[in-house]
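This is work-v7.tsv. It holds TSV, N, CA and C atoms.
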chain	number	residue	atom	x	y	z
A	1	MET	N	-14.02	-2.72	-6.08
A	1	MET	CA	-12.77	-2.71	-5.36
A	1	MET	C	-13.03	-2.63	-3.87
A	2	LYS	N	-12.18	-3.31	-3.12
A	2	LYS	CA	-12.38	-3.42	-1.68
A	2	LYS	C	-11.40	-2.59	-0.86
A	3	ILE	N	-10.17	-2.46	-1.33
A	3	ILE	CA	-9.11	-1.80	-0.57
A	3	ILE	C	-8.35	-0.84	-1.46
A	4	THR	N	-8.06	0.33	-0.92
A	4	THR	CA	-7.14	1.24	-1.58
A	4	THR	C	-5.78	1.12	-0.90
A	5	LEU	N	-4.76	0.88	-1.70
A	5	LEU	CA	-3.38	0.86	-1.20
A	5	LEU	C	-2.75	2.18	-1.58
A	6	ILE	N	-2.23	2.89	-0.60
A	6	ILE	CA	-1.58	4.17	-0.84
A	6	ILE	C	-0.08	4.00	-0.66
A	7	MET	N	0.66	4.47	-1.68
A	7	MET	CA	2.11	4.36	-1.64
A	7	MET	C	2.75	5.71	-1.96
A	8	PRO	N	3.40	6.34	-0.97
A	8	PRO	CA	4.14	7.58	-1.24
A	8	PRO	C	5.53	7.22	-1.76
A	9	LEU	N	6.03	7.98	-2.72
A	9	LEU	CA	7.34	7.69	-3.30
A	9	LEU	C	8.27	8.88	-3.23
A	10	TYR	N	9.53	8.60	-2.98
A	10	TYR	CA	10.58	9.59	-3.16
A	10	TYR	C	11.92	8.87	-3.28
A	11	ASN	N	12.49	8.90	-4.46
A	11	ASN	CA	13.80	8.32	-4.74
A	11	ASN	C	13.93	6.88	-4.22
A	12	VAL	N	13.02	6.03	-4.68
A	12	VAL	CA	13.00	4.64	-4.20
A	12	VAL	C	13.05	3.63	-5.35
A	13	GLU	N	13.64	4.00	-6.47
A	13	GLU	CA	13.61	3.10	-7.62
A	13	GLU	C	14.24	1.74	-7.33
A	14	ASN	N	15.16	1.66	-6.37
A	14	ASN	CA	15.78	0.37	-6.04
A	14	ASN	C	14.85	-0.56	-5.28
A	15	TYR	N	13.78	-0.05	-4.71
A	15	TYR	CA	12.86	-0.85	-3.90
A	15	TYR	C	11.52	-1.11	-4.58
A	16	LEU	N	11.19	-0.28	-5.53
A	16	LEU	CA	9.84	-0.24	-6.09
A	16	LEU	C	9.37	-1.56	-6.69
A	17	GLU	N	10.21	-2.23	-7.43
A	17	GLU	CA	9.80	-3.46	-8.10
A	17	GLU	C	9.31	-4.51	-7.10
A	18	ARG	N	10.03	-4.69	-6.01
A	18	ARG	CA	9.64	-5.68	-5.02
A	18	ARG	C	8.30	-5.33	-4.36
A	19	ALA	N	8.12	-4.07	-4.03
A	19	ALA	CA	6.86	-3.64	-3.41
A	19	ALA	C	5.69	-3.87	-4.37
A	20	PHE	N	5.84	-3.50	-5.64
A	20	PHE	CA	4.77	-3.70	-6.62
A	20	PHE	C	4.50	-5.17	-6.86
A	21	ARG	N	5.53	-5.97	-6.90
A	21	ARG	CA	5.34	-7.40	-7.09
A	21	ARG	C	4.50	-7.98	-5.94
A	22	SER	N	4.74	-7.50	-4.72
A	22	SER	CA	3.95	-7.99	-3.58
A	22	SER	C	2.49	-7.58	-3.69
A	23	ILE	N	2.22	-6.45	-4.34
A	23	ILE	CA	0.83	-6.04	-4.57
A	23	ILE	C	0.19	-6.92	-5.64
A	24	GLU	N	0.90	-7.14	-6.72
A	24	GLU	CA	0.38	-7.95	-7.82
A	24	GLU	C	0.11	-9.39	-7.40
A	25	GLU	N	0.83	-9.88	-6.41
A	25	GLU	CA	0.68	-11.27	-5.96
A	25	GLU	C	-0.34	-11.45	-4.85
A	26	GLN	N	-1.07	-10.41	-4.50
A	26	GLN	CA	-2.05	-10.52	-3.41
A	26	GLN	C	-3.14	-11.53	-3.74
A	27	SER	N	-3.42	-12.41	-2.79
A	27	SER	CA	-4.43	-13.46	-3.00
A	27	SER	C	-5.84	-12.90	-3.10
A	28	ILE	N	-6.06	-11.69	-2.64
A	28	ILE	CA	-7.39	-11.07	-2.75
A	28	ILE	C	-7.68	-10.72	-4.21
A	29	GLY	N	-6.64	-10.62	-5.02
A	29	GLY	CA	-6.79	-10.31	-6.44
A	29	GLY	C	-6.61	-8.83	-6.73
A	30	MET	N	-5.86	-8.54	-7.76
A	30	MET	CA	-5.62	-7.15	-8.16
A	30	MET	C	-6.92	-6.40	-8.46
A	31	GLU	N	-7.94	-7.13	-8.94
A	31	GLU	CA	-9.20	-6.48	-9.28
A	31	GLU	C	-9.91	-5.91	-8.06
A	32	ASN	N	-9.50	-6.32	-6.85
A	32	ASN	CA	-10.09	-5.82	-5.62
A	32	ASN	C	-9.28	-4.70	-4.98
A	33	LEU	N	-8.22	-4.29	-5.67
A	33	LEU	CA	-7.34	-3.26	-5.12
A	33	LEU	C	-7.33	-2.01	-6.00
A	34	HIS	N	-7.34	-0.88	-5.35
A	34	HIS	CA	-7.18	0.41	-6.01
A	34	HIS	C	-5.87	0.97	-5.47
A	35	ILE	N	-4.90	1.17	-6.33
A	35	ILE	CA	-3.58	1.59	-5.89
A	35	ILE	C	-3.37	3.05	-6.26
A	36	LEU	N	-3.08	3.86	-5.25
A	36	LEU	CA	-2.80	5.27	-5.44
A	36	LEU	C	-1.33	5.52	-5.10
A	37	ILE	N	-0.59	5.96	-6.08
A	37	ILE	CA	0.83	6.21	-5.92
A	37	ILE	C	1.05	7.70	-6.06
A	38	VAL	N	1.76	8.29	-5.11
A	38	VAL	CA	2.05	9.71	-5.19
A	38	VAL	C	3.56	9.90	-5.06
A	39	ASP	N	4.15	10.38	-6.14
A	39	ASP	CA	5.58	10.66	-6.15
A	39	ASP	C	5.82	12.08	-5.65
A	40	ASP	N	6.75	12.22	-4.72
A	40	ASP	CA	7.05	13.52	-4.11
A	40	ASP	C	8.24	14.18	-4.81
A	41	CYS	N	8.14	14.26	-6.14
A	41	CYS	CA	9.17	14.90	-6.99
A	41	CYS	C	10.53	14.21	-6.86
A	42	SER	N	10.53	12.91	-7.08
A	42	SER	CA	11.78	12.15	-7.05
A	42	SER	C	12.77	12.71	-8.06
A	43	THR	N	14.04	12.57	-7.74
A	43	THR	CA	15.10	13.06	-8.63
A	43	THR	C	15.84	11.93	-9.32
A	44	ASP	N	15.44	10.68	-9.04
A	44	ASP	CA	16.04	9.53	-9.72
A	44	ASP	C	15.02	8.96	-10.70
A	45	GLY	N	15.06	7.71	-11.00
A	45	GLY	CA	14.15	7.10	-11.96
A	45	GLY	C	12.86	6.57	-11.36
A	46	THR	N	12.55	6.96	-10.14
A	46	THR	CA	11.36	6.46	-9.45
A	46	THR	C	10.07	6.74	-10.22
A	47	TYR	N	9.87	7.98	-10.62
A	47	TYR	CA	8.62	8.34	-11.29
A	47	TYR	C	8.47	7.57	-12.60
A	48	ALA	N	9.51	7.48	-13.39
A	48	ALA	CA	9.43	6.76	-14.67
A	48	ALA	C	9.11	5.29	-14.44
A	49	MET	N	9.72	4.68	-13.43
A	49	MET	CA	9.44	3.28	-13.12
A	49	MET	C	7.99	3.10	-12.67
A	50	ALA	N	7.51	3.99	-11.80
A	50	ALA	CA	6.12	3.91	-11.33
A	50	ALA	C	5.15	4.13	-12.48
A	51	ASP	N	5.47	5.03	-13.37
A	51	ASP	CA	4.63	5.30	-14.54
A	51	ASP	C	4.54	4.07	-15.43
A	52	SER	N	5.64	3.40	-15.63
A	52	SER	CA	5.66	2.18	-16.44
A	52	SER	C	4.79	1.09	-15.82
A	53	ILE	N	4.88	0.95	-14.51
A	53	ILE	CA	4.07	-0.06	-13.80
A	53	ILE	C	2.59	0.33	-13.86
A	54	ALA	N	2.29	1.60	-13.63
A	54	ALA	CA	0.90	2.07	-13.61
A	54	ALA	C	0.22	1.86	-14.95
A	55	LYS	N	0.96	2.01	-16.03
A	55	LYS	CA	0.37	1.84	-17.36
A	55	LYS	C	-0.04	0.40	-17.64
A	56	LYS	N	0.45	-0.55	-16.87
A	56	LYS	CA	0.11	-1.96	-17.05
A	56	LYS	C	-1.17	-2.36	-16.32
A	57	HIS	N	-1.67	-1.48	-15.44
A	57	HIS	CA	-2.83	-1.82	-14.60
A	57	HIS	C	-3.83	-0.67	-14.60
A	58	LYS	N	-5.06	-0.96	-14.92
A	58	LYS	CA	-6.08	0.10	-14.95
A	58	LYS	C	-6.48	0.57	-13.56
A	59	ASN	N	-6.14	-0.19	-12.52
A	59	ASN	CA	-6.53	0.19	-11.16
A	59	ASN	C	-5.41	0.90	-10.40
A	60	ILE	N	-4.35	1.30	-11.09
A	60	ILE	CA	-3.27	2.07	-10.48
A	60	ILE	C	-3.34	3.50	-11.00
A	61	GLU	N	-3.36	4.45	-10.07
A	61	GLU	CA	-3.32	5.86	-10.43
A	61	GLU	C	-2.03	6.45	-9.88
A	62	LEU	N	-1.34	7.20	-10.71
A	62	LEU	CA	-0.08	7.82	-10.33
A	62	LEU	C	-0.22	9.33	-10.35
A	63	PHE	N	0.22	9.96	-9.28
A	63	PHE	CA	0.18	11.41	-9.14
A	63	PHE	C	1.57	11.89	-8.74
A	64	GLN	N	1.78	13.18	-8.87
A	64	GLN	CA	3.04	13.77	-8.43
A	64	GLN	C	2.74	15.09	-7.73
A	65	THR	N	3.43	15.33	-6.62
A	65	THR	CA	3.27	16.59	-5.92
A	65	THR	C	3.87	17.71	-6.78
A	66	LEU	N	3.47	18.93	-6.52
A	66	LEU	CA	3.98	20.07	-7.29
A	66	LEU	C	5.42	20.40	-6.92
A	67	LYS	N	5.77	20.15	-5.66
A	67	LYS	CA	7.15	20.34	-5.20
A	67	LYS	C	7.41	19.33	-4.09
A	68	ASN	N	8.67	19.02	-3.87
A	68	ASN	CA	9.02	18.05	-2.85
A	68	ASN	C	8.65	18.58	-1.47
A	69	SER	N	7.95	17.76	-0.72
A	69	SER	CA	7.50	18.16	0.62
A	69	SER	C	8.48	17.76	1.71
A	70	GLY	N	9.33	16.78	1.42
A	70	GLY	CA	10.27	16.30	2.43
A	70	GLY	C	9.63	15.38	3.45
A	71	SER	N	8.41	14.93	3.18
A	71	SER	CA	7.68	14.09	4.13
A	71	SER	C	6.74	13.17	3.37
A	72	ALA	N	6.54	11.97	3.88
A	72	ALA	CA	5.59	11.05	3.25
A	72	ALA	C	4.15	11.46	3.55
A	73	GLY	N	3.95	12.32	4.54
A	73	GLY	CA	2.60	12.73	4.92
A	73	GLY	C	1.86	13.49	3.84
A	74	VAL	N	2.54	14.38	3.14
A	74	VAL	CA	1.89	15.17	2.09
A	74	VAL	C	1.40	14.27	0.95
A	75	PRO	N	2.24	13.37	0.41
A	75	PRO	CA	1.73	12.46	-0.62
A	75	PRO	C	0.61	11.56	-0.12
A	76	ARG	N	0.72	11.08	1.11
A	76	ARG	CA	-0.35	10.24	1.67
A	76	ARG	C	-1.66	11.02	1.74
A	77	ASN	N	-1.60	12.24	2.22
A	77	ASN	CA	-2.82	13.06	2.34
A	77	ASN	C	-3.42	13.37	0.98
A	78	LEU	N	-2.59	13.61	-0.01
A	78	LEU	CA	-3.10	13.83	-1.37
A	78	LEU	C	-3.86	12.60	-1.84
A	79	ALA	N	-3.31	11.42	-1.60
A	79	ALA	CA	-3.96	10.18	-2.00
A	79	ALA	C	-5.26	9.95	-1.23
A	80	LEU	N	-5.27	10.28	0.05
A	80	LEU	CA	-6.48	10.07	0.86
A	80	LEU	C	-7.68	10.79	0.27
A	81	SER	N	-7.46	11.90	-0.38
A	81	SER	CA	-8.58	12.65	-0.97
A	81	SER	C	-9.14	11.96	-2.21
A	82	LYS	N	-8.50	10.89	-2.68
A	82	LYS	CA	-8.92	10.20	-3.89
A	82	LYS	C	-9.40	8.76	-3.64
A	83	VAL	N	-9.56	8.39	-2.39
A	83	VAL	CA	-9.97	7.04	-2.03
A	83	VAL	C	-11.44	6.80	-2.37
A	84	VAL	N	-11.74	5.65	-2.97
A	84	VAL	CA	-13.11	5.31	-3.35
A	84	VAL	C	-13.55	3.96	-2.77
A	85	THR	N	-12.74	3.36	-1.92
A	85	THR	CA	-13.04	2.05	-1.34
A	85	THR	C	-13.35	2.19	0.14
A	86	PRO	N	-13.96	1.15	0.73
A	86	PRO	CA	-14.28	1.24	2.15
A	86	PRO	C	-13.06	1.10	3.06
A	87	TYR	N	-11.96	0.54	2.56
A	87	TYR	CA	-10.78	0.33	3.40
A	87	TYR	C	-9.53	0.90	2.72
A	88	ILE	N	-8.59	1.31	3.57
A	88	ILE	CA	-7.34	1.91	3.11
A	88	ILE	C	-6.18	1.18	3.77
A	89	MET	N	-5.13	0.96	3.00
A	89	MET	CA	-3.87	0.44	3.54
A	89	MET	C	-2.75	1.33	3.03
A	90	PHE	N	-1.71	1.45	3.83
A	90	PHE	CA	-0.52	2.18	3.41
A	90	PHE	C	0.61	1.18	3.20
A	91	LEU	N	1.36	1.38	2.14
A	91	LEU	CA	2.52	0.54	1.88
A	91	LEU	C	3.67	1.45	1.48
A	92	ASP	N	4.69	1.47	2.32
A	92	ASP	CA	5.88	2.22	1.96
A	92	ASP	C	6.64	1.43	0.90
A	93	PRO	N	7.27	2.11	-0.04
A	93	PRO	CA	7.88	1.42	-1.18
A	93	PRO	C	9.07	0.55	-0.84
A	94	ASP	N	9.65	0.71	0.35
A	94	ASP	CA	10.76	-0.15	0.73
A	94	ASP	C	10.28	-1.34	1.57
A	95	ASP	N	8.97	-1.52	1.64
A	95	ASP	CA	8.35	-2.66	2.33
A	95	ASP	C	7.61	-3.50	1.30
A	96	TRP	N	7.09	-4.64	1.74
A	96	TRP	CA	6.28	-5.46	0.86
A	96	TRP	C	5.28	-6.23	1.71
A	97	LEU	N	4.24	-6.70	1.03
A	97	LEU	CA	3.16	-7.42	1.69
A	97	LEU	C	3.33	-8.92	1.47
A	98	THR	N	2.99	-9.71	2.49
A	98	THR	CA	2.93	-11.15	2.29
A	98	THR	C	1.71	-11.44	1.41
A	99	LYS	N	1.70	-12.58	0.79
A	99	LYS	CA	0.69	-12.92	-0.22
A	99	LYS	C	-0.76	-12.74	0.24
A	100	ASP	N	-1.05	-13.03	1.49
A	100	ASP	CA	-2.42	-12.99	1.99
A	100	ASP	C	-2.72	-11.75	2.85
A	101	ALA	N	-1.82	-10.80	2.91
A	101	ALA	CA	-1.98	-9.65	3.82
A	101	ALA	C	-3.31	-8.91	3.60
A	102	CYS	N	-3.59	-8.51	2.39
A	102	CYS	CA	-4.82	-7.74	2.12
A	102	CYS	C	-6.07	-8.58	2.40
A	103	LYS	N	-6.04	-9.83	1.99
A	103	LYS	CA	-7.20	-10.71	2.17
A	103	LYS	C	-7.50	-10.92	3.66
A	104	ILE	N	-6.48	-11.21	4.45
A	104	ILE	CA	-6.68	-11.47	5.88
A	104	ILE	C	-7.20	-10.22	6.58
A	105	LEU	N	-6.59	-9.08	6.35
A	105	LEU	CA	-7.03	-7.86	7.01
A	105	LEU	C	-8.44	-7.47	6.57
A	106	TYR	N	-8.74	-7.62	5.28
A	106	TYR	CA	-10.09	-7.33	4.79
A	106	TYR	C	-11.12	-8.24	5.46
A	107	GLN	N	-10.83	-9.54	5.51
A	107	GLN	CA	-11.77	-10.49	6.11
A	107	GLN	C	-12.01	-10.19	7.59
A	108	LYS	N	-10.97	-9.83	8.33
A	108	LYS	CA	-11.13	-9.50	9.75
A	108	LYS	C	-11.97	-8.23	9.92
A	109	ALA	N	-11.70	-7.24	9.11
A	109	ALA	CA	-12.48	-6.00	9.20
A	109	ALA	C	-13.96	-6.26	8.93
A	110	GLU	N	-14.23	-7.06	7.92
A	110	GLU	CA	-15.62	-7.38	7.58
A	110	GLU	C	-16.27	-8.26	8.64
A	111	GLU	N	-15.56	-9.26	9.09
A	111	GLU	CA	-16.10	-10.21	10.07
A	111	GLU	C	-16.48	-9.53	11.38
A	112	TYR	N	-15.63	-8.63	11.84
A	112	TYR	CA	-15.85	-8.00	13.14
A	112	TYR	C	-16.39	-6.57	13.02
A	113	HIS	N	-16.69	-6.12	11.81
A	113	HIS	CA	-17.21	-4.77	11.57
A	113	HIS	C	-16.29	-3.71	12.19
A	114	CYS	N	-15.01	-3.88	11.94
A	114	CYS	CA	-14.01	-2.96	12.48
A	114	CYS	C	-13.70	-1.84	11.48
A	115	LYS	N	-13.42	-0.70	12.01
A	115	LYS	CA	-12.97	0.41	11.18
A	115	LYS	C	-11.45	0.41	11.05
A	116	LEU	N	-10.77	-0.31	11.95
A	116	LEU	CA	-9.32	-0.36	11.93
A	116	LEU	C	-8.86	-1.77	12.28
A	117	VAL	N	-7.99	-2.32	11.46
A	117	VAL	CA	-7.35	-3.59	11.75
A	117	VAL	C	-5.86	-3.43	11.49
A	118	LYS	N	-5.07	-4.21	12.20
A	118	LYS	CA	-3.63	-4.13	12.03
A	118	LYS	C	-3.05	-5.52	12.12
A	119	GLY	N	-2.13	-5.82	11.23
A	119	GLY	CA	-1.48	-7.11	11.23
A	119	GLY	C	-0.17	-7.07	11.99
A	120	SER	N	0.69	-8.00	11.67
A	120	SER	CA	2.01	-8.02	12.28
A	120	SER	C	3.03	-7.70	11.21
A	121	CYS	N	4.25	-7.45	11.63
A	121	CYS	CA	5.31	-7.17	10.67
A	121	CYS	C	6.56	-7.93	11.07
A	122	ILE	N	7.43	-8.10	10.12
A	122	ILE	CA	8.70	-8.76	10.38
A	122	ILE	C	9.80	-7.74	10.10
A	123	ILE	N	10.64	-7.52	11.10
A	123	ILE	CA	11.75	-6.57	10.96
A	123	ILE	C	13.04	-7.33	11.25
A	124	ASN	N	13.91	-7.38	10.26
A	124	ASN	CA	15.18	-8.10	10.39
A	124	ASN	C	14.97	-9.53	10.88
A	125	GLY	N	13.96	-10.19	10.35
A	125	GLY	CA	13.70	-11.58	10.67
A	125	GLY	C	12.93	-11.83	11.95
A	126	LYS	N	12.61	-10.80	12.71
A	126	LYS	CA	11.87	-10.97	13.97
A	126	LYS	C	10.44	-10.48	13.77
A	127	LYS	N	9.47	-11.33	14.13
A	127	LYS	CA	8.06	-10.99	13.96
A	127	LYS	C	7.57	-10.15	15.13
A	128	PHE	N	6.89	-9.06	14.81
A	128	PHE	CA	6.28	-8.19	15.80
A	128	PHE	C	4.78	-8.28	15.64
A	129	GLU	N	4.08	-8.70	16.69
A	129	GLU	CA	2.63	-8.82	16.65
A	129	GLU	C	2.00	-7.46	16.89
A	130	ALA	N	0.87	-7.24	16.25
A	130	ALA	CA	0.12	-6.00	16.47
A	130	ALA	C	-0.47	-5.99	17.87
A	131	ALA	N	-0.81	-7.16	18.38
A	131	ALA	CA	-1.36	-7.30	19.72
A	131	ALA	C	-1.11	-8.74	20.17
A	132	LYS	N	-1.03	-8.94	21.45
A	132	LYS	CA	-0.79	-10.29	21.99
A	132	LYS	C	-2.02	-11.18	21.88
A	133	ARG	N	-3.18	-10.58	21.72
A	133	ARG	CA	-4.43	-11.33	21.56
A	133	ARG	C	-5.28	-10.57	20.56
A	134	ASP	N	-6.38	-11.15	20.17
A	134	ASP	CA	-7.26	-10.44	19.25
A	134	ASP	C	-7.75	-9.16	19.90
A	135	THR	N	-7.60	-8.08	19.22
A	135	THR	CA	-8.04	-6.79	19.70
A	135	THR	C	-8.97	-6.19	18.66
A	136	LEU	N	-10.15	-5.84	19.06
A	136	LEU	CA	-11.11	-5.23	18.14
A	136	LEU	C	-11.22	-3.76	18.44
A	137	LEU	N	-11.18	-2.97	17.40
A	137	LEU	CA	-11.31	-1.52	17.56
A	137	LEU	C	-12.55	-1.05	16.83
Representation of the structure as structure tokens:
Amino acid sequence: MKITLIMPLYNVENYLERAFRSIEEQSIGMENLHILIVDDCSTDGTYAMADSIAKKHKNIELFQTLKNSGSAGVPRNLALSKVVTPYIMFLDPDDWLTKDACKILYQKAEEYHCKLVKGSCIINGKKFEAAKRDTLL
């Protein structure tokens, strides 16, 4: 596996399917992804939905916090302690990845020996670039 995707969850059952579909459709291949999902004690059907999805993939691990933290930071930090790949990505459950997102970022990190790479995002139809030119960190 090349990349760990970390996804914190809290009451997001209406968004979860789209986010997971974007992971499953990654051109880098699901076999190259380790997905760590941490539910922060959701009170809707989020955990059950995530559990159903996780059972379909051997590379998805699902965890739950002991009590709701009120922040995505606690679930993210719990997942960080379980990372086994050289690279980490975060995906909030109300967002999704374009088909080549993981592949492009992985290739840039490897090509330039970077510890950190960042892509661009689209918000309400407007593209925001991570940098105006190639920036290596």
* **Neighbours of point (12.3, 4.6, -2.1) within 12 Å, using only C-alpha atoms, written as number ranges by chain** => A: 7-19, 38-47, 49-50, 72, 91-95
* To do: Find the distance between CA of Lys108 (chain A) and CA of Gly73 (chain A) and write it in Å to one decimal.
  =>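 According to the coordinates, CA of Lys108 (chain A) and CA of Gly73 (chain A) are separated by 26.6 Å.
Atom to atom, atom N of Asn32 (chain A) and CA of Lys2 (chain A) stand 6.6 Å apart.
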* Could you jot down the atom C of Phe20 (chain A) to atom N of Tyr112 (chain A) separation for me, Å, one decimal place? =>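 Separation between atom C of Phe20 (chain A) and atom N of Tyr112 (chain A): 27.7 Å.
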* Give the helix (DSSP H, G or I) residues of region 11-134 of chain A, as assigned by DSSP on the backbone, as a VMD selection string. => chain A and resid 13 to 24 30 to 32 46 to 54 73 to 80 101 to 112
Could you complete region 8-17 of chain A so that it carries all heavy atoms, and give it back as a short mmCIF file (atom, residue, chain, number, x, y, z; two decimals), in the frame of the given file?
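This went into part-v4.cif:
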data_model
loop_
_atom_site.label_atom_id
_atom_site.label_comp_id
_atom_site.auth_asym_id
_atom_site.auth_seq_id
_atom_site.Cartn_x
_atom_site.Cartn_y
_atom_site.Cartn_z
N PRO A 8 3.40 6.34 -0.97
CA PRO A 8 4.14 7.58 -1.24
C PRO A 8 5.53 7.22 -1.76
O PRO A 8 6.15 6.25 -1.30
CB PRO A 8 4.23 8.24 0.14
CG PRO A 8 4.24 7.08 1.10
CD PRO A 8 3.41 5.99 0.45
N LEU A 9 6.03 7.98 -2.72
CA LEU A 9 7.34 7.69 -3.30
C LEU A 9 8.27 8.88 -3.23
O LEU A 9 7.84 10.02 -3.43
CB LEU A 9 7.19 7.32 -4.78
CG LEU A 9 6.25 6.21 -5.19
CD1 LEU A 9 6.29 6.04 -6.70
CD2 LEU A 9 6.60 4.92 -4.49
N TYR A 10 9.53 8.60 -2.98
CA TYR A 10 10.58 9.59 -3.16
C TYR A 10 11.92 8.87 -3.28
O TYR A 10 12.39 8.23 -2.32
CB TYR A 10 10.65 10.61 -2.01
CG TYR A 10 11.75 11.62 -2.27
CD1 TYR A 10 11.61 12.59 -3.25
CD2 TYR A 10 12.94 11.55 -1.55
CE1 TYR A 10 12.62 13.49 -3.52
CE2 TYR A 10 13.96 12.45 -1.82
CZ TYR A 10 13.80 13.41 -2.80
OH TYR A 10 14.81 14.30 -3.08
N ASN A 11 12.49 8.90 -4.46
CA ASN A 11 13.80 8.32 -4.74
C ASN A 11 13.93 6.88 -4.22
O ASN A 11 14.84 6.56 -3.46
CB ASN A 11 14.92 9.20 -4.16
CG ASN A 11 15.07 10.49 -4.92
OD1 ASN A 11 14.45 10.69 -5.97
ND2 ASN A 11 15.88 11.40 -4.40
N VAL A 12 13.02 6.03 -4.68
CA VAL A 12 13.00 4.64 -4.20
C VAL A 12 13.05 3.63 -5.35
O VAL A 12 12.55 2.52 -5.22
CB VAL A 12 11.77 4.38 -3.31
CG1 VAL A 12 11.88 5.12 -2.00
CG2 VAL A 12 10.48 4.76 -4.04
N GLU A 13 13.64 4.00 -6.47
CA GLU A 13 13.61 3.10 -7.62
C GLU A 13 14.24 1.74 -7.33
O GLU A 13 13.85 0.75 -7.93
CB GLU A 13 14.26 3.75 -8.85
CG GLU A 13 15.75 3.91 -8.78
CD GLU A 13 16.32 4.50 -10.06
OE1 GLU A 13 15.96 4.06 -11.16
OE2 GLU A 13 17.12 5.44 -9.94
N ASN A 14 15.16 1.66 -6.37
CA ASN A 14 15.78 0.37 -6.04
C ASN A 14 14.85 -0.56 -5.28
O ASN A 14 15.11 -1.76 -5.19
CB ASN A 14 17.06 0.58 -5.24
CG ASN A 14 18.14 1.26 -6.04
OD1 ASN A 14 18.18 1.15 -7.27
ND2 ASN A 14 19.02 1.98 -5.37
N TYR A 15 13.78 -0.05 -4.71
CA TYR A 15 12.86 -0.85 -3.90
C TYR A 15 11.52 -1.11 -4.58
O TYR A 15 10.80 -2.02 -4.21
CB TYR A 15 12.57 -0.14 -2.57
CG TYR A 15 13.80 0.18 -1.77
CD1 TYR A 15 14.32 1.46 -1.75
CD2 TYR A 15 14.43 -0.81 -1.03
CE1 TYR A 15 15.45 1.76 -1.01
CE2 TYR A 15 15.56 -0.51 -0.29
CZ TYR A 15 16.06 0.77 -0.29
OH TYR A 15 17.18 1.05 0.44
N LEU A 16 11.19 -0.28 -5.53
CA LEU A 16 9.84 -0.24 -6.09
C LEU A 16 9.37 -1.56 -6.69
O LEU A 16 8.22 -1.97 -6.48
CB LEU A 16 9.79 0.87 -7.14
CG LEU A 16 8.51 1.63 -7.32
CD1 LEU A 16 7.90 2.04 -6.00
CD2 LEU A 16 8.75 2.85 -8.18
N GLU A 17 10.21 -2.23 -7.43
CA GLU A 17 9.80 -3.46 -8.10
C GLU A 17 9.31 -4.51 -7.10
O GLU A 17 8.28 -5.15 -7.31
CB GLU A 17 10.95 -4.02 -8.94
CG GLU A 17 10.53 -5.21 -9.77
CD GLU A 17 11.66 -5.72 -10.66
OE1 GLU A 17 12.56 -4.94 -11.01
OE2 GLU A 17 11.63 -6.92 -10.98
#
